[in-house]
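Here's the structure we're looking at; comments come further down.
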Amino acid sequence: MRDERVVFTEAELSACCASRRWVAAVAGRSYAGPADLRAAGAAALDELTWADVEEALAAHPRVGGRAAGWSRAEQAGMDGAAPDVRAALAAGNRAYEDRFGHVFLIRATGRTADEMLACLRERLGNDTETEHAAVRRELAGIVDLRLAKLAGEDT
C-alpha cells in the first residue's frame, strides 16, 4: 500500500476481526496507507458493544488448541511447549470459559507458552469488568497486527 489508496473486502477484513459490526465499519472505505487502515480499525473496535466483542471471540481458537490461518502463526509460541504446560493451558482454558463464558483471548504473537499460561492464571482472578477491559485490549492488539499484515507491513 504505497502511494495508492486501497479498499479491502469484507472477506479480507473478517479474517482480522469476526465482528460483523466491525467489518461493516471498516470495509468499503478507501485507505491512504497502513496507518489509516489501522486507525480506522481501532476506532471501529472502540465502538463495539460487548455482544459484538463476543461475536469476534467466537472465531478465535483456544490458546494451545488447533489453530489455523493467522492464529497458527500467532500461536507459534506454543511450538515445543512442554506437555505439562500444554495440560495446564487446557485446564486453564476450561476454568476461564466456565468463569467468563467465552474463550481466553490473548495476543499470542511474541509470547511463549509459559508467558501465555502466566497471563491466563493471572486473568482468572479478574472481576468481569476488569476482564472485559483486558479482552478488549487483547482483541485490539490482535486486530492491529492482522491489519498490518493485510496492508503488507512487516510485523
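Letters for chains follow the order of the C-alpha cells (A, B, ...), residue numbers begin at 1 for each chain, and ligand numbers begin at 1 in the order shown.
Scanning segment 3-133 of chain A with DSSP on the backbone, the strand (DSSP E) assignments fall on Val6, Val7, Ser30 and Tyr31 of chain A.
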Within 8 Å of Glu153 of chain A, counting only C-alpha atoms, which residues show up once you throw out same-chain ones fewer than 4 positions away? Write them as JSON, numbers by chain, please. {"A": [34, 148, 149]}
Nearest to Ser14 of chain A by atom-to-atom distance, counting only C-alpha atoms, from A:Glu55, A:Glu97, A:Glu131, A:Asp46: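 Checking each candidate against Ser14 of chain A, we get A:Glu55 as the closest.
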I need the residue nearest Ala51 of chain A from this list: A:Arg107, A:Arg121, A:Arg21, A:Arg86. Use only C-alpha atoms for the distance. A:Arg21
I'd like the neighbourhood of segment 90-94 of chain A as a ChimeraX atom specification, where a residue qualifies if any of its atoms comes within 9 Å (using only C-alpha atoms), though same-chain residues fewer than 5 positions away should be ignored. /A:62-65,85,99,103-104,117,120-121,124
For the residues in the current selection, export N, CA and C atoms as a short mmCIF file (atom, residue, chain, number, x, y, z; two decimals), in the first residue's frame.
```cif
data_model
loop_
_atom_site.label_atom_id
_atom_site.label_comp_id
_atom_site.auth_asym_id
_atom_site.auth_seq_id
_atom_site.Cartn_x
_atom_site.Cartn_y
_atom_site.Cartn_z
N ARG A 62 -8.92 -21.73 20.98
CA ARG A 62 -8.30 -21.74 22.31
C ARG A 62 -6.79 -21.66 22.17
N VAL A 63 -6.17 -20.97 23.09
CA VAL A 63 -4.71 -20.95 23.13
C VAL A 63 -4.23 -22.37 23.40
N GLY A 64 -3.34 -22.84 22.54
CA GLY A 64 -2.83 -24.20 22.68
C GLY A 64 -3.67 -25.24 21.98
N GLY A 65 -4.81 -24.82 21.43
CA GLY A 65 -5.67 -25.75 20.70
C GLY A 65 -5.26 -25.82 19.23
N VAL A 85 2.86 -27.91 30.47
CA VAL A 85 2.38 -26.56 30.16
C VAL A 85 1.14 -26.64 29.27
N ARG A 99 -15.69 -19.60 34.01
CA ARG A 99 -15.81 -18.37 34.80
C ARG A 99 -16.38 -17.21 33.99
N VAL A 103 -14.00 -17.79 25.25
CA VAL A 103 -12.62 -18.22 25.09
C VAL A 103 -11.66 -17.19 25.71
N PHE A 104 -10.58 -17.70 26.27
CA PHE A 104 -9.50 -16.83 26.77
C PHE A 104 -8.79 -16.26 25.56
N LEU A 117 0.45 -18.90 29.70
CA LEU A 117 -0.12 -19.58 30.86
C LEU A 117 -0.12 -18.65 32.07
N LEU A 120 -2.93 -16.21 31.64
CA LEU A 120 -4.21 -16.88 31.86
C LEU A 120 -4.49 -17.03 33.35
N ARG A 121 -3.50 -17.50 34.09
CA ARG A 121 -3.68 -17.69 35.53
C ARG A 121 -3.95 -16.36 36.23
N LEU A 124 -7.53 -15.08 35.45
CA LEU A 124 -8.61 -15.83 36.09
C LEU A 124 -9.07 -15.14 37.38
#
```
Excluding Val53 of chain A and residues on its chain fewer than 5 positions from it, collect all residues at most 12 Å away from it, counting only C-alpha atoms, and give them as a PyMOL selection string. chain A and resi 17-22+44-48+58-60+102-103+105+132-140+143
Got a sec to tell me which of chain A DSSP assigns to alpha helix (DSSP H), as a ChimeraX atom specification? /A:10-14,20-26,34-46,50-57,69-74,83-100,113-123,128-150
Give me a file of those residues, with C-alpha atoms, as a tab-separated table (two decimals), in the first residue's frame.
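Final output, out.tsv:
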```tsv
chain	number	residue	atom	x	y	z
A	10	GLU	CA	-15.45	-7.84	3.89
A	11	ALA	CA	-13.89	-11.30	3.48
A	12	GLU	CA	-10.37	-9.90	3.92
A	13	LEU	CA	-11.38	-7.89	6.96
A	14	SER	CA	-13.35	-10.76	8.52
A	20	ARG	CA	-19.92	-8.12	11.63
A	21	ARG	CA	-20.35	-4.62	13.04
A	22	TRP	CA	-16.58	-4.03	12.95
A	23	VAL	CA	-16.30	-5.37	9.38
A	24	ALA	CA	-19.16	-3.14	8.22
A	25	ALA	CA	-17.46	-0.10	9.75
A	26	VAL	CA	-14.09	-0.79	8.10
A	34	PRO	CA	-1.49	1.07	6.69
A	35	ALA	CA	-1.67	3.72	9.41
A	36	ASP	CA	-5.02	4.96	8.04
A	37	LEU	CA	-6.41	1.43	7.94
A	38	ARG	CA	-5.16	0.61	11.42
A	39	ALA	CA	-6.60	3.83	12.87
A	40	ALA	CA	-9.98	3.05	11.33
A	41	GLY	CA	-9.83	-0.47	12.73
A	42	ALA	CA	-9.04	0.80	16.22
A	43	ALA	CA	-11.82	3.40	16.09
A	44	ALA	CA	-14.32	0.76	14.98
A	45	LEU	CA	-13.25	-1.55	17.82
A	46	ASP	CA	-13.85	1.23	20.33
A	50	TRP	CA	-19.82	-6.44	24.39
A	51	ALA	CA	-22.09	-8.61	22.21
A	52	ASP	CA	-20.01	-7.55	19.18
A	53	VAL	CA	-16.82	-8.48	21.05
A	54	GLU	CA	-18.31	-11.88	21.90
A	55	GLU	CA	-19.05	-12.41	18.21
A	56	ALA	CA	-15.39	-11.71	17.45
A	57	LEU	CA	-14.27	-14.04	20.26
A	69	GLY	CA	-4.62	-19.46	9.39
A	70	TRP	CA	-3.17	-16.42	11.11
A	71	SER	CA	-3.94	-17.90	14.52
A	72	ARG	CA	-1.49	-20.73	13.82
A	73	ALA	CA	1.39	-18.34	13.20
A	74	GLU	CA	0.32	-16.12	16.09
A	83	PRO	CA	3.37	-31.44	27.98
A	84	ASP	CA	2.71	-30.12	31.50
A	85	VAL	CA	2.38	-26.56	30.16
A	86	ARG	CA	0.00	-27.72	27.43
A	87	ALA	CA	-2.07	-29.59	30.03
A	88	ALA	CA	-2.12	-26.55	32.33
A	89	LEU	CA	-3.25	-24.33	29.44
A	90	ALA	CA	-6.03	-26.77	28.56
A	91	ALA	CA	-7.23	-26.85	32.19
A	92	GLY	CA	-6.88	-23.08	32.46
A	93	ASN	CA	-8.88	-22.56	29.28
A	94	ARG	CA	-11.71	-24.68	30.68
A	95	ALA	CA	-11.66	-22.80	34.01
A	96	TYR	CA	-11.61	-19.46	32.20
A	97	GLU	CA	-14.53	-20.40	29.96
A	98	ASP	CA	-16.50	-21.63	32.98
A	99	ARG	CA	-15.81	-18.37	34.80
A	100	PHE	CA	-16.28	-15.84	31.97
A	113	ALA	CA	3.57	-20.84	26.15
A	114	ASP	CA	4.78	-20.17	29.71
A	115	GLU	CA	4.01	-16.45	29.34
A	116	MET	CA	0.54	-17.18	27.99
A	117	LEU	CA	-0.12	-19.58	30.86
A	118	ALA	CA	1.00	-16.98	33.40
A	119	CYS	CA	-1.35	-14.41	31.84
A	120	LEU	CA	-4.21	-16.88	31.86
A	121	ARG	CA	-3.68	-17.69	35.53
A	122	GLU	CA	-3.45	-14.00	36.43
A	123	ARG	CA	-6.57	-13.05	34.48
A	128	THR	CA	-15.89	-9.36	34.98
A	129	GLU	CA	-15.42	-5.65	34.30
A	130	THR	CA	-11.63	-5.87	34.54
A	131	GLU	CA	-11.59	-8.93	32.31
A	132	HIS	CA	-13.80	-7.31	29.69
A	133	ALA	CA	-11.29	-4.45	29.52
A	134	ALA	CA	-8.42	-6.95	29.21
A	135	VAL	CA	-10.21	-8.82	26.41
A	136	ARG	CA	-10.81	-5.57	24.53
A	137	ARG	CA	-7.08	-4.68	24.81
A	138	GLU	CA	-6.02	-8.11	23.60
A	139	LEU	CA	-8.52	-8.05	20.73
A	140	ALA	CA	-7.28	-4.61	19.72
A	141	GLY	CA	-3.71	-5.90	19.66
A	142	ILE	CA	-4.63	-8.91	17.55
A	143	VAL	CA	-6.69	-6.90	15.10
A	144	ASP	CA	-3.94	-4.30	14.75
A	145	LEU	CA	-1.35	-7.00	13.96
A	146	ARG	CA	-3.65	-8.61	11.42
A	147	LEU	CA	-4.48	-5.30	9.74
A	148	ALA	CA	-0.77	-4.54	9.46
A	149	LYS	CA	-0.25	-7.91	7.76
A	150	LEU	CA	-3.24	-7.34	5.48
```
At what distance in Å, to one decimal, does atom CA of Val7 of chain A lie from atom CA of Ile106 of chain A?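 Spanning atom CA of Ile106 of chain A to atom CA of Val7 of chain A is a straight-line distance of 28.2 Å.
Computed from the coordinates, the atom CA of Gly110 of chain A to atom CA of Met78 of chain A distance equals 10.4 Å.
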Point-to-point distance in Å for atom CA of Thr112 of chain A and atom CA of Asp127 of chain A: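 Computing the Euclidean distance for atom CA of Asp127 of chain A and atom CA of Thr112 of chain A yields 25.1 Å.
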